[in-house]
Amino acid sequence: MPDLDKLYEAVLNGDHKTASAIAKDAVEAGVDALDLVARYMVPAMDEVGRRFECEDYFVPELLLSARAMKAALEYVRPLLAAQGAQPAGRVVIGTVKGDLHDIGKNIVSALLEGGGFEVTDLGADVAPERFVEAVHTHQPDLICLSALLTVTMPSMRNTIQALEAAGVRGKVKVLVGGAPVTREFANAIGADGYGENAAVAVSLARQFTGAQAA
Amino acid sequence: MNSSIRSLLDNGPVLTDGAWGTQLQERGLQFGDCPDAWNLTNPDRVAEVAAAYAEAGSRVILTNTFRANRIALEGYGLADRTSEINAAGVAISRRGAAGRASVFASIGPSGKMLAAEEVTEAALLEAFAEQASALAAAGADALVIETMSDLNEAILAIRAAKPTGLPVIACMVYDTGRSRDRTMMGTTPEQAAADLTAAGADVIGANCGCGIEGYLAISRRLHSATSLPIWIKANAGLPEVVDGKAIYRMQAAEFAAHCMTLRSEGASFIGGCCGTSPAFIRAVSERLTEAARCA
């Protein structure tokens, strides 16, 4: 039986090789998949989030931990699926029309995947119609919109309006974020949440989906 | 110190330029257009911006080549025009400067993240080397690596720029953390100063960020951590978003007053970033002239 505390540490330290090896051993040794996720992996990511908030961790550490989480989840996910466990939630994410910046969006996407969400990334410069289409295709719980430029922030409003016009606004929560975006702006355009940074975005995603574990 | 940088600084601090993007928008650049492509399609309007800064008192002006690396241009479908866009950028600024200012060519970030393995070090090195050599071949006086969030990417850009033999300026953005004194990747001014100096930069500095007030301390910290000259191009305060548009409330006179403090915090090259215009540069120029007269 592998030392499962080491799985917690591996995710926390962003060591994807160790995280993946221990998860594999644990699964082979018959450790309950849900238990593995809920007791070791999710708490590790929670600690990562706390350290980010306290400025002990920055973006590179977040990305490494998210990668370690994802590597471990690869072994655990088939078992979860076999038990009938659902992903933490389904997310469609993209940078809005007119904006080619995808770094912030990619960070949030990696963290959401690390958090056990099923993420469909539409890329950058995504037109409102494509978000609407993705709601039909992927049935997400959540749509995440990113913008880096002040001039592309109106595209966030246009996207929310397009969801309304297509009659699907009620089916999804909309989360917005990016350097120029503020809480006031998020409220003004009728978004459901404002992710001030990547860690906040993930905890909001959890709140909206009621997700506890992967 | 690099000899051409030294001779520029002989008579005290050097005034650089202000924002370009907003100036191009005032001249008709549309939302979603690639500003750098205007070097090929609207060279006269780009030259107007360069001329406006030279006229306002800039002794160093930059070039409209911030995004003109192959990786960033790919997003606009313009990767195969990389050399042309860079060469035109230098020629346009040279024309606009009309002998009044040196032309320092701008090299911005790739827009891809090394830490997330979106791009390799080799690809970054190659893209920056291609841009740097195009800018050098077109006759730039120096290369300005700016708006970098990732120290590793900045260092790769320095490595790519050094073989041109031109002076290299390397600037990071400090906008993260409670005190807004770290890069997005968590790097402090002290760490950046040490590593950029070691990588061979001739001038180091900071640009963009969260307003000029916060860059006073950044300038001081960079200055105490290196013997190289310091370059600061700060934003005009923090923008307010009104109807989805960024409004910078700080006026030119207030910005100029902060620039005078920057000078005493160790900055040798002083200019503006987001929210600034030729009027801001003119205000700083007047203050610097006055200070030189009364020194």
# chains A, B, ... in the order shown; residues from 1 in each chain; ligands from 1

call {"tool": "residues_around", "arguments": {"residues": "Arg50 in chain A", "least_positions_apart": "5", "cutoff": "12 Å", "atoms": "only C-alpha atoms", "output": "PyMOL selection string"}}
result
chain A and resi 12+43-45+55-58+62+198-200+203

call {"tool": "write_last_selection", "arguments": {"atoms": "all heavy atoms", "output": "mmCIF file, in the first residue's frame"}}
result
data_model
loop_
_atom_site.group_PDB
_atom_site.id
_atom_site.type_symbol
_atom_site.label_atom_id
_atom_site.label_comp_id
_atom_site.auth_asym_id
_atom_site.auth_seq_id
_atom_site.Cartn_x
_atom_site.Cartn_y
_atom_site.Cartn_z
ATOM 1 N N LEU A 12 0.616 18.997 -3.966
ATOM 2 C CA LEU A 12 0.941 20.305 -3.386
ATOM 3 C C LEU A 12 2.261 20.843 -3.947
ATOM 4 O O LEU A 12 2.392 22.029 -4.238
ATOM 5 C CB LEU A 12 1.024 20.167 -1.856
ATOM 6 C CG LEU A 12 1.290 21.438 -1.056
ATOM 7 C CD1 LEU A 12 0.223 22.486 -1.337
ATOM 8 C CD2 LEU A 12 1.320 21.109 0.434
ATOM 9 N N PRO A 43 -7.965 18.126 -1.048
ATOM 10 C CA PRO A 43 -7.357 18.951 0.011
ATOM 11 C C PRO A 43 -6.009 19.547 -0.415
ATOM 12 O O PRO A 43 -5.686 20.674 -0.020
ATOM 13 C CB PRO A 43 -7.177 17.963 1.172
ATOM 14 C CG PRO A 43 -8.230 16.927 0.942
ATOM 15 C CD PRO A 43 -8.336 16.783 -0.546
ATOM 16 N N ALA A 44 -5.256 18.801 -1.204
ATOM 17 C CA ALA A 44 -3.972 19.344 -1.679
ATOM 18 C C ALA A 44 -4.209 20.569 -2.551
ATOM 19 O O ALA A 44 -3.541 21.602 -2.410
ATOM 20 C CB ALA A 44 -3.199 18.280 -2.448
ATOM 21 N N MET A 45 -5.194 20.480 -3.459
ATOM 22 C CA MET A 45 -5.483 21.628 -4.321
ATOM 23 C C MET A 45 -6.063 22.789 -3.509
ATOM 24 O O MET A 45 -5.830 23.949 -3.826
ATOM 25 C CB MET A 45 -6.444 21.235 -5.461
ATOM 26 C CG MET A 45 -5.809 20.418 -6.584
ATOM 27 S SD MET A 45 -4.305 21.147 -7.321
ATOM 28 C CE MET A 45 -4.973 22.490 -8.286
ATOM 29 N N GLU A 55 0.038 34.464 -1.284
ATOM 30 C CA GLU A 55 1.233 34.852 -2.041
ATOM 31 C C GLU A 55 2.481 34.047 -1.680
ATOM 32 O O GLU A 55 3.600 34.546 -1.759
ATOM 33 C CB GLU A 55 1.483 36.358 -1.903
ATOM 34 C CG GLU A 55 0.316 37.151 -2.490
ATOM 35 C CD GLU A 55 0.477 38.654 -2.391
ATOM 36 O OE1 GLU A 55 1.563 39.114 -2.039
ATOM 37 O OE2 GLU A 55 -0.505 39.348 -2.696
ATOM 38 N N ASP A 56 2.265 32.799 -1.267
ATOM 39 C CA ASP A 56 3.398 31.884 -1.165
ATOM 40 C C ASP A 56 3.566 31.191 -2.512
ATOM 41 O O ASP A 56 4.652 30.769 -2.879
ATOM 42 C CB ASP A 56 3.137 30.802 -0.107
ATOM 43 C CG ASP A 56 3.056 31.405 1.285
ATOM 44 O OD1 ASP A 56 3.770 32.398 1.529
ATOM 45 O OD2 ASP A 56 2.275 30.895 2.106
ATOM 46 N N TYR A 57 2.465 31.046 -3.206
ATOM 47 C CA TYR A 57 2.468 30.433 -4.543
ATOM 48 C C TYR A 57 2.073 31.490 -5.568
ATOM 49 O O TYR A 57 1.256 32.379 -5.286
ATOM 50 C CB TYR A 57 1.447 29.290 -4.602
ATOM 51 C CG TYR A 57 1.977 27.939 -4.188
ATOM 52 C CD1 TYR A 57 3.169 27.808 -3.480
ATOM 53 C CD2 TYR A 57 1.261 26.776 -4.509
ATOM 54 C CE1 TYR A 57 3.630 26.554 -3.094
ATOM 55 C CE2 TYR A 57 1.715 25.520 -4.118
ATOM 56 C CZ TYR A 57 2.899 25.419 -3.410
ATOM 57 O OH TYR A 57 3.346 24.185 -3.038
ATOM 58 N N PHE A 58 2.649 31.360 -6.765
ATOM 59 C CA PHE A 58 2.258 32.210 -7.887
ATOM 60 C C PHE A 58 1.868 31.304 -9.058
ATOM 61 O O PHE A 58 1.768 30.088 -8.887
ATOM 62 C CB PHE A 58 3.387 33.188 -8.223
ATOM 63 C CG PHE A 58 3.528 34.263 -7.179
ATOM 64 C CD1 PHE A 58 4.344 34.079 -6.070
ATOM 65 C CD2 PHE A 58 2.798 35.439 -7.271
ATOM 66 C CE1 PHE A 58 4.439 35.048 -5.077
ATOM 67 C CE2 PHE A 58 2.885 36.415 -6.292
ATOM 68 C CZ PHE A 58 3.707 36.222 -5.194
ATOM 69 N N LEU A 62 0.961 27.139 -9.330
ATOM 70 C CA LEU A 62 -0.419 26.718 -9.601
ATOM 71 C C LEU A 62 -0.470 25.745 -10.763
ATOM 72 O O LEU A 62 -1.136 24.715 -10.716
ATOM 73 C CB LEU A 62 -1.276 27.926 -10.024
ATOM 74 C CG LEU A 62 -1.910 28.836 -9.003
ATOM 75 C CD1 LEU A 62 -2.893 29.770 -9.707
ATOM 76 C CD2 LEU A 62 -2.653 28.019 -7.977
ATOM 77 N N ALA A 198 -7.335 33.208 -10.783
ATOM 78 C CA ALA A 198 -7.629 31.837 -11.204
ATOM 79 C C ALA A 198 -8.154 30.987 -10.049
ATOM 80 O O ALA A 198 -9.073 30.177 -10.226
ATOM 81 C CB ALA A 198 -6.384 31.203 -11.808
ATOM 82 N N ALA A 199 -7.585 31.180 -8.859
ATOM 83 C CA ALA A 199 -8.003 30.358 -7.723
ATOM 84 C C ALA A 199 -9.444 30.679 -7.328
ATOM 85 O O ALA A 199 -10.232 29.790 -7.006
ATOM 86 C CB ALA A 199 -7.060 30.577 -6.540
ATOM 87 N N VAL A 200 -9.784 31.961 -7.373
ATOM 88 C CA VAL A 200 -11.166 32.366 -7.063
ATOM 89 C C VAL A 200 -12.127 31.781 -8.098
ATOM 90 O O VAL A 200 -13.216 31.306 -7.763
ATOM 91 C CB VAL A 200 -11.293 33.913 -7.033
ATOM 92 C CG1 VAL A 200 -12.743 34.335 -6.950
ATOM 93 C CG2 VAL A 200 -10.505 34.493 -5.861
ATOM 94 N N SER A 203 -12.864 28.232 -7.182
ATOM 95 C CA SER A 203 -13.738 28.028 -6.025
ATOM 96 C C SER A 203 -15.165 28.464 -6.340
ATOM 97 O O SER A 203 -16.120 27.854 -5.851
ATOM 98 C CB SER A 203 -13.161 28.676 -4.760
ATOM 99 O OG SER A 203 -13.263 30.054 -4.828
#

call {"tool": "closest_atom_pairs", "arguments": {"of": "chain B", "to": "chain A", "cutoff": "10 Å", "atoms": "only C-alpha atoms", "output": "Markdown table"}}
result
| residue | atom | partner | partner_atom | distance |
| --- | --- | --- | --- | --- |
| B:Phe31 | CA | A:Val151 | CA | 7.0 |
| B:Gly32 | CA | A:Gly98 | CA | 4.8 |
| B:Asp33 | CA | A:Gly98 | CA | 8.5 |
| B:Ala72 | CA | A:Leu100 | CA | 9.1 |
| B:Gly75 | CA | A:Leu100 | CA | 6.9 |
| B:Tyr76 | CA | A:Leu100 | CA | 8.7 |
| B:Gly111 | CA | A:His101 | CA | 6.7 |
| B:Lys112 | CA | A:Ile103 | CA | 6.5 |
| B:Met113 | CA | A:Ile103 | CA | 6.6 |
| B:Leu114 | CA | A:Pro60 | CA | 9.4 |
| B:Ala115 | CA | A:Pro60 | CA | 5.9 |
| B:Ala116 | CA | A:Leu63 | CA | 6.5 |
| B:Glu117 | CA | A:Leu63 | CA | 9.9 |
| B:Glu118 | CA | A:Ile103 | CA | 9.2 |
| B:Asp150 | CA | A:Pro60 | CA | 9.6 |
| B:Asp175 | CA | A:Ala179 | CA | 9.8 |
| B:Thr176 | CA | A:Phe58 | CA | 9.1 |
| B:Gly177 | CA | A:Glu55 | CA | 6.5 |
| B:Arg178 | CA | A:Glu55 | CA | 8.1 |
| B:Arg182 | CA | A:Phe58 | CA | 9.6 |
| B:Thr183 | CA | A:Phe58 | CA | 9.3 |
| B:Met184 | CA | A:Val59 | CA | 6.8 |
| B:Met185 | CA | A:Val59 | CA | 5.2 |
| B:Gly186 | CA | A:Phe58 | CA | 5.2 |
| B:Thr187 | CA | A:Phe58 | CA | 8.9 |
| B:Leu238 | CA | A:Pro180 | CA | 10.0 |
| B:Pro239 | CA | A:Pro180 | CA | 8.4 |
| B:Glu240 | CA | A:Pro180 | CA | 9.0 |
| B:Val241 | CA | A:Phe185 | CA | 7.7 |
| B:Val242 | CA | A:Phe185 | CA | 8.8 |
| B:Asp243 | CA | A:Pro154 | CA | 8.2 |
| B:Gly244 | CA | A:Pro154 | CA | 5.6 |
| B:Lys245 | CA | A:Thr150 | CA | 6.0 |
| B:Ala246 | CA | A:Thr150 | CA | 5.8 |
| B:Ile247 | CA | A:Thr150 | CA | 9.6 |

call {"tool": "residues_around", "arguments": {"residues": "range 48-51 of chain B", "least_positions_apart": "5", "cutoff": "6 Å", "atoms": "only C-alpha atoms", "output": "compact mmCIF listing (two decimals) with all heavy atoms, in the first residue's frame"}}
result
# COMPACT_ATOMS: atom_id res chain seq x y z
N SER B 93 9.37 54.85 -37.76
CA SER B 93 9.76 55.65 -36.59
C SER B 93 10.92 56.58 -36.93
O SER B 93 10.98 57.71 -36.45
CB SER B 93 10.11 54.75 -35.40
OG SER B 93 8.94 54.22 -34.84
N GLY B 96 9.42 59.49 -38.74
CA GLY B 96 8.68 60.35 -37.82
C GLY B 96 9.60 61.13 -36.90
O GLY B 96 9.35 62.28 -36.55
N ALA B 97 10.69 60.49 -36.47
CA ALA B 97 11.63 61.14 -35.55
C ALA B 97 12.34 62.29 -36.24
O ALA B 97 12.64 63.32 -35.61
CB ALA B 97 12.66 60.13 -35.04

call {"tool": "residues_around", "arguments": {"residues": "Leu122 in chain A", "least_positions_apart": "4", "cutoff": "10 Å", "atoms": "only C-alpha atoms", "output": "ChimeraX atom specification"}}
result
/A:92-96,126-127,130-131,134

call {"tool": "write_last_selection", "arguments": {"atoms": "C-alpha atoms", "output": "tab-separated table (two decimals), in the first residue's frame"}}
result
chain	number	residue	atom	x	y	z
A	92	VAL	CA	-17.05	25.62	-21.49
A	93	ILE	CA	-14.31	28.24	-21.47
A	94	GLY	CA	-13.02	30.77	-23.98
A	95	THR	CA	-11.51	34.21	-24.57
A	96	VAL	CA	-14.20	36.47	-26.01
A	126	VAL	CA	-14.61	33.14	-29.67
A	127	ALA	CA	-17.76	34.63	-31.18
A	130	ARG	CA	-19.95	29.67	-30.70
A	131	PHE	CA	-20.63	29.85	-26.97
A	134	ALA	CA	-21.30	24.91	-27.20

call {"tool": "residues_around", "arguments": {"residues": "Glu74 in chain A", "least_positions_apart": "6", "cutoff": "10 Å", "atoms": "only C-alpha atoms", "output": "PDB file with N, CA, C and O atoms, in the first residue's frame"}}
result
ATOM      1  N   SER A  20       1.418  10.815 -10.133  1.00  0.00           N
ATOM      2  CA  SER A  20       0.891   9.818 -11.043  1.00  0.00           C
ATOM      3  C   SER A  20       1.256   8.402 -10.581  1.00  0.00           C
ATOM      4  O   SER A  20       0.419   7.491 -10.581  1.00  0.00           O
ATOM      5  N   ALA A  23      -0.821   7.451  -7.447  1.00  0.00           N
ATOM      6  CA  ALA A  23      -2.224   7.220  -7.810  1.00  0.00           C
ATOM      7  C   ALA A  23      -2.371   5.853  -8.472  1.00  0.00           C
ATOM      8  O   ALA A  23      -3.311   5.102  -8.189  1.00  0.00           O
ATOM      9  N   LYS A  24      -1.431   5.512  -9.332  1.00  0.00           N
ATOM     10  CA  LYS A  24      -1.465   4.228 -10.038  1.00  0.00           C
ATOM     11  C   LYS A  24      -1.361   3.071  -9.023  1.00  0.00           C
ATOM     12  O   LYS A  24      -2.175   2.142  -9.043  1.00  0.00           O
TER      13      LYS A  24
END

call {"tool": "residues_around", "arguments": {"residues": "Ala68 in chain A", "least_positions_apart": "5", "cutoff": "6 Å", "atoms": "only C-alpha atoms", "output": "PyMOL selection string"}}
result
chain A and resi 11+14-16+19

call {"tool": "write_last_selection", "arguments": {"atoms": "all heavy atoms", "output": "PDB file, in the first residue's frame"}}
result
ATOM      1  N   VAL A  11       0.961  16.485  -5.081  1.00  0.00           N
ATOM      2  CA  VAL A  11       0.084  17.465  -5.742  1.00  0.00           C
ATOM      3  C   VAL A  11       0.433  18.873  -5.264  1.00  0.00           C
ATOM      4  O   VAL A  11       0.596  19.801  -6.055  1.00  0.00           O
ATOM      5  CB  VAL A  11      -1.411  17.147  -5.470  1.00  0.00           C
ATOM      6  CG1 VAL A  11      -2.308  18.276  -5.982  1.00  0.00           C
ATOM      7  CG2 VAL A  11      -1.796  15.828  -6.135  1.00  0.00           C
ATOM      8  N   GLY A  14       3.576  20.021  -6.792  1.00  0.00           N
ATOM      9  CA  GLY A  14       3.581  20.049  -8.251  1.00  0.00           C
ATOM     10  C   GLY A  14       4.477  18.995  -8.876  1.00  0.00           C
ATOM     11  O   GLY A  14       5.010  19.188  -9.961  1.00  0.00           O
ATOM     12  N   ASP A  15       4.617  17.859  -8.184  1.00  0.00           N
ATOM     13  CA  ASP A  15       5.471  16.784  -8.695  1.00  0.00           C
ATOM     14  C   ASP A  15       4.576  15.773  -9.425  1.00  0.00           C
ATOM     15  O   ASP A  15       4.045  14.845  -8.823  1.00  0.00           O
ATOM     16  CB  ASP A  15       6.187  16.149  -7.485  1.00  0.00           C
ATOM     17  CG  ASP A  15       7.036  14.960  -7.873  1.00  0.00           C
ATOM     18  OD1 ASP A  15       6.968  14.510  -9.038  1.00  0.00           O
ATOM     19  OD2 ASP A  15       7.755  14.473  -6.984  1.00  0.00           O
ATOM     20  N   HIS A  16       4.416  15.958 -10.730  1.00  0.00           N
ATOM     21  CA  HIS A  16       3.421  15.143 -11.442  1.00  0.00           C
ATOM     22  C   HIS A  16       3.830  13.689 -11.582  1.00  0.00           C
ATOM     23  O   HIS A  16       2.993  12.797 -11.612  1.00  0.00           O
ATOM     24  CB  HIS A  16       3.076  15.778 -12.799  1.00  0.00           C
ATOM     25  CG  HIS A  16       4.133  15.679 -13.835  1.00  0.00           C
ATOM     26  ND1 HIS A  16       4.079  14.763 -14.858  1.00  0.00           N
ATOM     27  CD2 HIS A  16       5.277  16.360 -14.012  1.00  0.00           C
ATOM     28  CE1 HIS A  16       5.146  14.905 -15.625  1.00  0.00           C
ATOM     29  NE2 HIS A  16       5.881  15.860 -15.139  1.00  0.00           N
ATOM     30  N   ALA A  19       2.997  12.038  -8.224  1.00  0.00           N
ATOM     31  CA  ALA A  19       1.538  12.018  -8.064  1.00  0.00           C
ATOM     32  C   ALA A  19       0.936  10.900  -8.909  1.00  0.00           C
ATOM     33  O   ALA A  19       0.091  10.122  -8.446  1.00  0.00           O
ATOM     34  CB  ALA A  19       0.951  13.369  -8.462  1.00  0.00           C
TER      35      ALA A  19
END

call {"tool": "select_by_dssp", "arguments": {"residues": "range 93-136 of chain A", "states": "strand (DSSP E)", "output": "list in words"}}
result
Ile93, Gly94, Thr95, Glu118, Val119, Thr120 and Asp121 of chain A

call {"tool": "atom_distance", "arguments": {"atom1": "CA of Lys105 in chain A", "atom2": "CA of Ser149 in chain B"}}
result
15.4 Å

call {"tool": "residues_around", "arguments": {"residues": "Phe117 in chain A", "least_positions_apart": "5", "cutoff": "8 Å", "atoms": "only C-alpha atoms", "output": "ChimeraX atom specification"}}
result
/A:87-91,112,214

call {"tool": "write_last_selection", "arguments": {"atoms": "C-alpha atoms", "output": "PDB file, in the first residue's frame"}}
result
ATOM      1  CA  PRO A  87     -17.132  15.038 -13.029  1.00  0.00           C
ATOM      2  CA  ALA A  88     -17.172  18.010 -10.649  1.00  0.00           C
ATOM      3  CA  GLY A  89     -18.976  19.838 -13.393  1.00  0.00           C
ATOM      4  CA  ARG A  90     -18.885  20.600 -17.098  1.00  0.00           C
ATOM      5  CA  VAL A  91     -17.293  23.858 -18.152  1.00  0.00           C
ATOM      6  CA  LEU A 112     -10.430  23.572 -13.438  1.00  0.00           C
ATOM      7  CA  ALA A 214     -13.725  15.290  -8.505  1.00  0.00           C
TER       8      ALA A 214
END

call {"tool": "atom_distance", "arguments": {"atom1": "CA of Gly30 in chain A", "atom2": "CA of Ser65 in chain A"}}
result
24.5 Å

call {"tool": "decode", "arguments": {"residues": "range 114-140 of chain B", "atoms": "C-alpha atoms", "output": "compact mmCIF listing (two decimals), in the first residue's frame"}}
result
# COMPACT_ATOMS: atom_id res chain seq x y z
CA LEU B 114 6.48 28.57 -21.11
CA ALA B 115 5.32 27.41 -17.66
CA ALA B 116 2.25 25.78 -19.20
CA GLU B 117 4.32 24.26 -22.01
CA GLU B 118 2.35 26.22 -24.63
CA VAL B 119 5.62 27.07 -26.31
CA THR B 120 9.18 25.75 -26.12
CA GLU B 121 12.29 27.72 -25.21
CA ALA B 122 13.72 26.91 -28.63
CA ALA B 123 10.67 28.31 -30.42
CA LEU B 124 10.78 31.52 -28.34
CA LEU B 125 14.48 31.95 -28.95
CA GLU B 126 14.00 31.49 -32.66
CA ALA B 127 11.05 33.90 -32.88
CA PHE B 128 12.80 36.64 -30.88
CA ALA B 129 16.03 36.18 -32.85
CA GLU B 130 14.13 36.55 -36.12
CA GLN B 131 12.47 39.76 -34.91
CA ALA B 132 15.65 41.19 -33.37
CA SER B 133 17.69 40.64 -36.51
CA ALA B 134 14.97 42.16 -38.71
CA LEU B 135 14.88 45.25 -36.45
CA ALA B 136 18.68 45.49 -36.38
CA ALA B 137 18.98 45.09 -40.15
CA ALA B 138 16.48 47.94 -40.57
CA GLY B 139 18.74 50.21 -38.52
CA ALA B 140 17.24 50.33 -35.02
